[in-house]
Amino acid sequence: MDSTLTLTINGQRHTVTTDPQRPLLHVLREDLGLTGTKYGCGEGQCGACTVLLEGRREHACLLPVRDAAGKSVTTIEGLSTGDPLHPVQRAFLEEGAMQCGYCTPGMILATVALLNHQPRPSDDEVLTWMNAQICRCCGYPRILKAVRRAVAEARR
Ligand code: FES
Ligand code: FES
């Protein structure tokens, strides 16, 4: 049975009437038009659907929308209003860390979540953290350069 839920996405309140078990990913993309969050595996394995829930990394493909109600959700659309870019977005741009770009929103939000969780991560922590994010173009060298750049800039 459908429920009416209030979601706070990128600082804006939205009311949706839907099956509360429906994945947040589908609500974002299909109901709210926020297509920056991508569908990859649908099984919590690739990270294409990464969003921030209260600043923490979350797979929107697995999260029932009712679990996001009353919490703060950030998608790639909400990270910056464009100019200036968020520092992690800038690091990805400056390193040219994308090919098709499908994984990029998830990679960027995973990096933001890493820095929220551990502002000064070691390189091992970076590698372990980013291991959960898959790039089907295998653009890992540039992605990791971008993440390391973002980490170095956050240390300044
Ligand atoms: S689509 Fe959610 S982890 Fe792959
Ligand atoms: S750049 Fe294509 S999936 Fe990563």
# chains A, B, ... in the order shown; residues from 1 in each chain; ligands from 1
>>> residues_near_ligand(ligand="ligand 1", cutoff="12 Å", atoms="only C-alpha atoms and all ligand atoms", output="PyMOL selection string")
chain A and resi 23-26+37-51+57-63+102-103+105-107+110+132-136
>>> select_by_dssp(residues="region 3-153 of chain A", states="alpha helix (DSSP H)", output="number ranges by chain")
A: 24-26, 87-94, 104-117, 123-130, 140-153
>>> write_last_selection(atoms="C-alpha atoms", output="short mmCIF file (atom, residue, chain, number, x, y, z; two decimals), in the first residue's frame")
data_model
loop_
_atom_site.label_atom_id
_atom_site.label_comp_id
_atom_site.auth_asym_id
_atom_site.auth_seq_id
_atom_site.Cartn_x
_atom_site.Cartn_y
_atom_site.Cartn_z
CA LEU A 24 15.11 5.57 -3.17
CA LEU A 25 16.97 5.38 -6.51
CA HIS A 26 13.73 4.94 -8.47
CA PRO A 87 36.25 20.83 -4.43
CA VAL A 88 35.83 17.10 -5.15
CA GLN A 89 34.04 17.86 -8.44
CA ARG A 90 36.89 20.24 -9.30
CA ALA A 91 39.49 17.56 -8.55
CA PHE A 92 37.72 15.11 -10.90
CA LEU A 93 37.50 17.76 -13.60
CA GLU A 94 41.12 18.81 -13.27
CA THR A 104 31.30 9.70 -11.94
CA PRO A 105 28.45 10.95 -9.72
CA GLY A 106 28.88 7.92 -7.47
CA MET A 107 32.66 8.28 -7.43
CA ILE A 108 32.42 11.95 -6.46
CA LEU A 109 29.84 11.37 -3.73
CA ALA A 110 31.83 8.40 -2.39
CA THR A 111 34.87 10.70 -2.14
CA VAL A 112 32.83 13.34 -0.31
CA ALA A 113 31.58 10.62 2.06
CA LEU A 114 35.15 9.45 2.64
CA LEU A 115 36.24 12.96 3.62
CA ASN A 116 33.18 13.33 5.86
CA HIS A 117 34.05 10.05 7.54
CA ASP A 123 46.33 5.99 0.97
CA ASP A 124 45.34 2.50 2.13
CA GLU A 125 42.09 3.92 3.49
CA VAL A 126 41.48 5.66 0.15
CA LEU A 127 42.02 2.41 -1.76
CA THR A 128 39.84 0.36 0.59
CA TRP A 129 37.06 2.92 0.51
CA MET A 130 37.05 3.37 -3.25
CA TYR A 140 40.70 3.81 -12.17
CA PRO A 141 44.15 5.46 -12.53
CA ARG A 142 42.66 8.90 -13.19
CA ILE A 143 39.85 8.41 -10.71
CA LEU A 144 42.34 7.58 -7.98
CA LYS A 145 44.48 10.58 -8.97
CA ALA A 146 41.38 12.74 -8.57
CA VAL A 147 40.50 11.24 -5.20
CA ARG A 148 44.10 11.72 -3.98
CA ARG A 149 44.01 15.31 -5.23
CA ALA A 150 40.76 15.93 -3.35
CA VAL A 151 42.25 14.37 -0.21
CA ALA A 152 45.40 16.51 -0.52
CA GLU A 153 43.31 19.66 -1.00
#
>>> residues_around(residues="region 5-17 of chain A", least_positions_apart="5", cutoff="12 Å", atoms="only C-alpha atoms", output="JSON, numbers by chain")
{"A": [22, 24, 26, 27, 28, 30, 31, 32, 33, 34, 51, 52, 53, 54, 55, 64, 65, 66, 67, 68, 69, 70, 71, 72, 73, 74, 75, 76, 77, 78, 79, 80, 81]}
>>> residues_around(residues="Gln99 (chain A)", least_positions_apart="4", cutoff="9 Å", atoms="only C-alpha atoms", output="list in words")
Thr104, Cys137, Cys138 and Gly139 of chain A
>>> closest_residue(among="A:Met98, A:Ala154, A:Met1, A:Leu85", to="Asp19 (chain A)", atoms="only C-alpha atoms")
A:Met1
>>> select_by_dssp(residues="chain A", states="strand (DSSP E)", output="PyMOL selection string")
chain A and resi 3-9+12-18+50-53+56-59+72-74
>>> closest_residue(among="A:Gly101, A:Asp83, A:Ser122, A:Arg29", to="ligand 2", atoms="only C-alpha atoms and all ligand atoms")
A:Gly101
>>> atom_distance(atom1="CA of Pro84 (chain A)", atom2="CA of Pro119 (chain A)")
21.0 Å
>>> closest_residue(among="A:Pro121, A:Arg155, A:Gly96, A:Thr35", to="ligand 2", atoms="only C-alpha atoms and all ligand atoms")
A:Gly96
>>> closest_residue(among="A:Arg156, A:Glu95, A:Cys100, A:Arg120", to="ligand 2", atoms="only C-alpha atoms and all ligand atoms")
A:Cys100
>>> decode(residues="region 2-15 of chain A", atoms="N, CA and C atoms", output="mmCIF file, in the first residue's frame")
data_model
loop_
_atom_site.group_PDB
_atom_site.id
_atom_site.type_symbol
_atom_site.label_atom_id
_atom_site.label_comp_id
_atom_site.auth_asym_id
_atom_site.auth_seq_id
_atom_site.Cartn_x
_atom_site.Cartn_y
_atom_site.Cartn_z
ATOM 1 N N ASP A 2 0.489 2.249 -0.795
ATOM 2 C CA ASP A 2 1.284 3.468 -0.872
ATOM 3 C C ASP A 2 1.208 4.279 0.426
ATOM 4 N N SER A 3 2.292 5.017 0.687
ATOM 5 C CA SER A 3 2.326 5.959 1.810
ATOM 6 C C SER A 3 2.747 7.318 1.271
ATOM 7 N N THR A 4 2.401 8.356 2.002
ATOM 8 C CA THR A 4 2.884 9.691 1.654
ATOM 9 C C THR A 4 4.057 10.011 2.574
ATOM 10 N N LEU A 5 5.204 10.289 1.946
ATOM 11 C CA LEU A 5 6.447 10.499 2.694
ATOM 12 C C LEU A 5 7.007 11.875 2.372
ATOM 13 N N THR A 6 7.678 12.460 3.362
ATOM 14 C CA THR A 6 8.367 13.732 3.117
ATOM 15 C C THR A 6 9.863 13.462 3.062
ATOM 16 N N LEU A 7 10.454 13.865 1.952
ATOM 17 C CA LEU A 7 11.889 13.667 1.745
ATOM 18 C C LEU A 7 12.577 15.024 1.677
ATOM 19 N N THR A 8 13.765 15.091 2.215
ATOM 20 C CA THR A 8 14.572 16.308 2.061
ATOM 21 C C THR A 8 15.754 15.955 1.173
ATOM 22 N N ILE A 9 15.669 16.430 -0.064
ATOM 23 C CA ILE A 9 16.696 16.122 -1.057
ATOM 24 C C ILE A 9 17.400 17.418 -1.428
ATOM 25 N N ASN A 10 18.704 17.450 -1.245
ATOM 26 C CA ASN A 10 19.489 18.640 -1.594
ATOM 27 C C ASN A 10 18.900 19.896 -0.946
ATOM 28 N N GLY A 11 18.434 19.727 0.295
ATOM 29 C CA GLY A 11 17.923 20.861 1.061
ATOM 30 C C GLY A 11 16.492 21.253 0.739
ATOM 31 N N GLN A 12 15.861 20.555 -0.220
ATOM 32 C CA GLN A 12 14.471 20.893 -0.586
ATOM 33 C C GLN A 12 13.539 19.778 -0.140
ATOM 34 N N ARG A 13 12.407 20.177 0.404
ATOM 35 C CA ARG A 13 11.426 19.176 0.858
ATOM 36 C C ARG A 13 10.539 18.753 -0.306
ATOM 37 N N HIS A 14 10.333 17.448 -0.399
ATOM 38 C CA HIS A 14 9.449 16.886 -1.423
ATOM 39 C C HIS A 14 8.474 15.943 -0.739
ATOM 40 N N THR A 15 7.244 15.941 -1.204
ATOM 41 C CA THR A 15 6.264 14.974 -0.713
ATOM 42 C C THR A 15 5.989 13.978 -1.827
#
